[in-house]
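Asks: Handing you a structure now.
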Amino acid sequence: MALLEVNHLKKIYTTRFGGNQVQALTDVGFTVEQGEYVAIMGESGSGKTTLLNILASLDQPTDGEVLLNGTDIASIPDRQMSAFRRENLGFVFQDFNLLDTFSLNDNIALPLVLSRKSPKEIHQRIEPIARMLGIHDLLQKFPYEVSGGQKQRAAVARALVTNPQIVLADEPTGALDSKSTDGLLHIFEEINRRGQTILMVTHSTKAASHANRVLFIKDGVVFHQLYKGDLSNEAMFQKISDALTVLATGGKNRE
């Protein structure tokens, strides 16, 4: 059984004024296996952000289902949803979403504090992750005292500290310079090699070229997908670029 199953997902929004309907997702279906590193790409308005919000249980589909390890996330009661997210999903955002009044250590610890873990367990979980990400010496600093790349490493640590089933990353390199981007993509590859499942939405061909598989969304459906296999990052970059050209010029759907 796949870790994540997305079946016939549809999302229709009704505008506040006039009652017009906008179909963001038409019929999206795919699976993600345990340990995969998958990127989702598509032009603005293609539905990829809507898809990520539904996968994150931040929005509800109009039709279809999302199963995480066999559990239909739409069936989880509202009162249990926050705990479900904390225990099963890790989030990495473009703008980091760190609290400026919390140290990096406290930002990373927050989901564990909310889950009522003991101070000893919190320390034991943060310590190895912070060392792996190269921010151990920065834990007592505040977000405004560190670089963008260091903020994003702290955000990755916060996503990993709960041992989530899957990490959902939304444009994780979007606010980073070239050097910090390279560092973050190396981190993603490393944590994936250690068994962490990652699903990343990105506009960046470079970021997507580090994934094992790339899904292309167009007009609310999965238009195409690429498997990396034994390709280098450079060769994968070129294949993605070619696929995006087809996407932009209106090529036919192909799986």
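Letters A, B, ... mark the chains of the structure tokens in the order given; residue numbers begin at 1 per chain; ligand numbers begin at 1, in order shown.
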Report as number ranges by chain: the residues of stretch 129-173 of chain A with a DSSP assignment of strand (DSSP E), based on the backbone of this structure.

Replies: A: 166-170

Asks: Can you tell me which residues surround stretch 73-80 of chain A at a distance of at most 10 Å, considering only C-alpha atoms, apart from same-chain residues fewer than 2 positions away, and format the answer as a list in words?

Replies: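 The contact residues come out as Ile54, Leu55, Ala56, Ser57, Asp59, Gln60, Pro61, Gly64, Glu65, Val66, Leu67, Leu68, Asn69, Gly70, Thr71, Ser82, Ala83, Phe84 and Arg85 of chain A.
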
Asks: For A:Glu87, list every protein, DNA or RNA residue within 8 Å, evaluated using only C-alpha atoms, and leave out those in the same chain fewer than 6 positions away; present the list as number ranges by chain.

Replies: A: 162-164

Asks: Kindly save the residues from that selection, with C-alpha atoms included, as a compact mmCIF listing (two decimals), in the first residue's frame.

Replies:
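Okay, selection-v8.txt is ready:
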```
# COMPACT_ATOMS: atom_id res chain seq x y z
CA THR A 162 8.02 15.10 15.07
CA ASN A 163 9.18 12.20 12.85
CA PRO A 164 6.41 12.88 10.31
```

Asks: May I have all residues of stretch 36-144 of chain A that DSSP, computed from the backbone, assigns to alpha helix (DSSP H), given as a ChimeraX atom specification?

Replies: /A:48-55,78-88,104-114,119-132

Asks: So what do you get for atom CA of A:Ser118 versus atom CA of A:Leu99, distance-wise?

Replies: 21.3 Å

Asks: Between A:Val214, A:Met81, A:Ile108, A:Ile198, which is the closest to A:Leu3 once you count only C-alpha atoms?

Replies: A:Ile198

Asks: Just want the 9 Å neighbourhood of stretch 200-202 of chain A, counted on only C-alpha atoms, with same-chain residues fewer than 2 positions away dropped. Output as a PyMOL selection string.

Replies: chain A and resi 37-42+48-49+52+92+167-174+198+204-205+207-208+211

Asks: What would the file look like if the residues just selected were written as a PDB file, in the first residue's frame with C-alpha atoms?

Replies:
```pdb
ATOM      1  CA  TYR A  37      10.998  12.348  -3.019  1.00  0.00           C
ATOM      2  CA  VAL A  38       8.384  13.855  -5.342  1.00  0.00           C
ATOM      3  CA  ALA A  39       8.192  17.341  -6.822  1.00  0.00           C
ATOM      4  CA  ILE A  40       5.024  18.926  -8.206  1.00  0.00           C
ATOM      5  CA  MET A  41       5.326  21.590 -10.894  1.00  0.00           C
ATOM      6  CA  GLY A  42       2.915  23.649 -12.945  1.00  0.00           C
ATOM      7  CA  LYS A  48      -0.727  22.813  -7.453  1.00  0.00           C
ATOM      8  CA  THR A  49      -1.126  25.110  -4.424  1.00  0.00           C
ATOM      9  CA  LEU A  52      -0.914  21.005  -1.507  1.00  0.00           C
ATOM     10  CA  VAL A  92       8.389  23.680   5.136  1.00  0.00           C
ATOM     11  CA  VAL A 167       7.222  16.367   4.676  1.00  0.00           C
ATOM     12  CA  LEU A 168       5.201  18.825   2.576  1.00  0.00           C
ATOM     13  CA  ALA A 169       7.351  21.636   1.204  1.00  0.00           C
ATOM     14  CA  ASP A 170       5.840  24.718  -0.461  1.00  0.00           C
ATOM     15  CA  GLU A 171       8.404  26.565  -2.635  1.00  0.00           C
ATOM     16  CA  PRO A 172      11.123  25.885  -0.017  1.00  0.00           C
ATOM     17  CA  THR A 173      13.882  27.582  -2.053  1.00  0.00           C
ATOM     18  CA  GLY A 174      11.756  30.548  -3.173  1.00  0.00           C
ATOM     19  CA  ILE A 198       9.105  14.384   0.767  1.00  0.00           C
ATOM     20  CA  SER A 204      12.214  25.919  -9.608  1.00  0.00           C
ATOM     21  CA  THR A 205      13.516  23.515 -12.232  1.00  0.00           C
ATOM     22  CA  ALA A 207      14.877  22.263  -7.063  1.00  0.00           C
ATOM     23  CA  ALA A 208      12.718  19.739  -8.918  1.00  0.00           C
ATOM     24  CA  ALA A 211      13.615  14.894  -6.698  1.00  0.00           C
TER      25      ALA A 211
END
```

Asks: Would you pick out the contacts of A:Glu190 at 10 Å or less, using only C-alpha atoms, so that residues sharing its chain but fewer than 5 positions from it are not included, and give the list as a list in words?

Replies: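 Listing them by chain and then by number gives Met132, Leu133, Leu184, Leu185, Gly195 and Gln196 of chain A.
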
Asks: Given the choices A:Ser115, A:Thr62, A:Ser209, A:Asn88, which gets closest to A:Tyr13 if the distance is worked out from only C-alpha atoms?

Replies: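 For A:Tyr13, the nearest of the candidates is A:Thr62.
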
Asks: Provide the atom CA of A:Gly149 to atom CA of A:Lys179 distance in Å, to one decimal place.

Replies: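 Between atom CA of A:Gly149 and atom CA of A:Lys179 the gap is 8.4 Å.
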
Asks: Take atom CA of A:Gln23 and atom CA of A:Val246 and report the distance between them in Å, one decimal.

Replies: 22.5 Å

Asks: Would you list the contacts of A:Lys141 as a ChimeraX atom specification, taking every protein, DNA or RNA residue within 12 Å and counting only C-alpha atoms, but skipping same-chain residues closer than 2 positions in sequence?

Replies: /A:99-107,135-139,143-147,150-151,154

Asks: Identify which of the residues A:Phe142, A:Glu36, A:Lys117, A:Ala157 lies closest to A:Ala130, counting only C-alpha atoms when measuring atom-to-atom distances.

Replies: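 Closest residue, counting only C-alpha atoms: A:Ala157.
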
Asks: Give me the residues near stretch 231-241 of chain A as JSON, numbers by chain, where near means some atom within 6 Å (using only C-alpha atoms) and where sequence neighbours in that chain fewer than 3 positions away do not count.

Replies: {"A": [209, 210, 228, 244]}

Asks: Keeping C-alpha atoms, export the residues of the selection given above as a PDB file, in the first residue's frame.

Replies:
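Output (again_32.pdb):
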```
ATOM      1  CA  SER A 209      15.772  18.165 -10.565  1.00  0.00           C
ATOM      2  CA  HIS A 210      16.851  16.871  -7.146  1.00  0.00           C
ATOM      3  CA  LYS A 228      14.779  10.392 -12.410  1.00  0.00           C
ATOM      4  CA  LEU A 244       7.825  22.511 -19.122  1.00  0.00           C
TER       5      LEU A 244
END
```
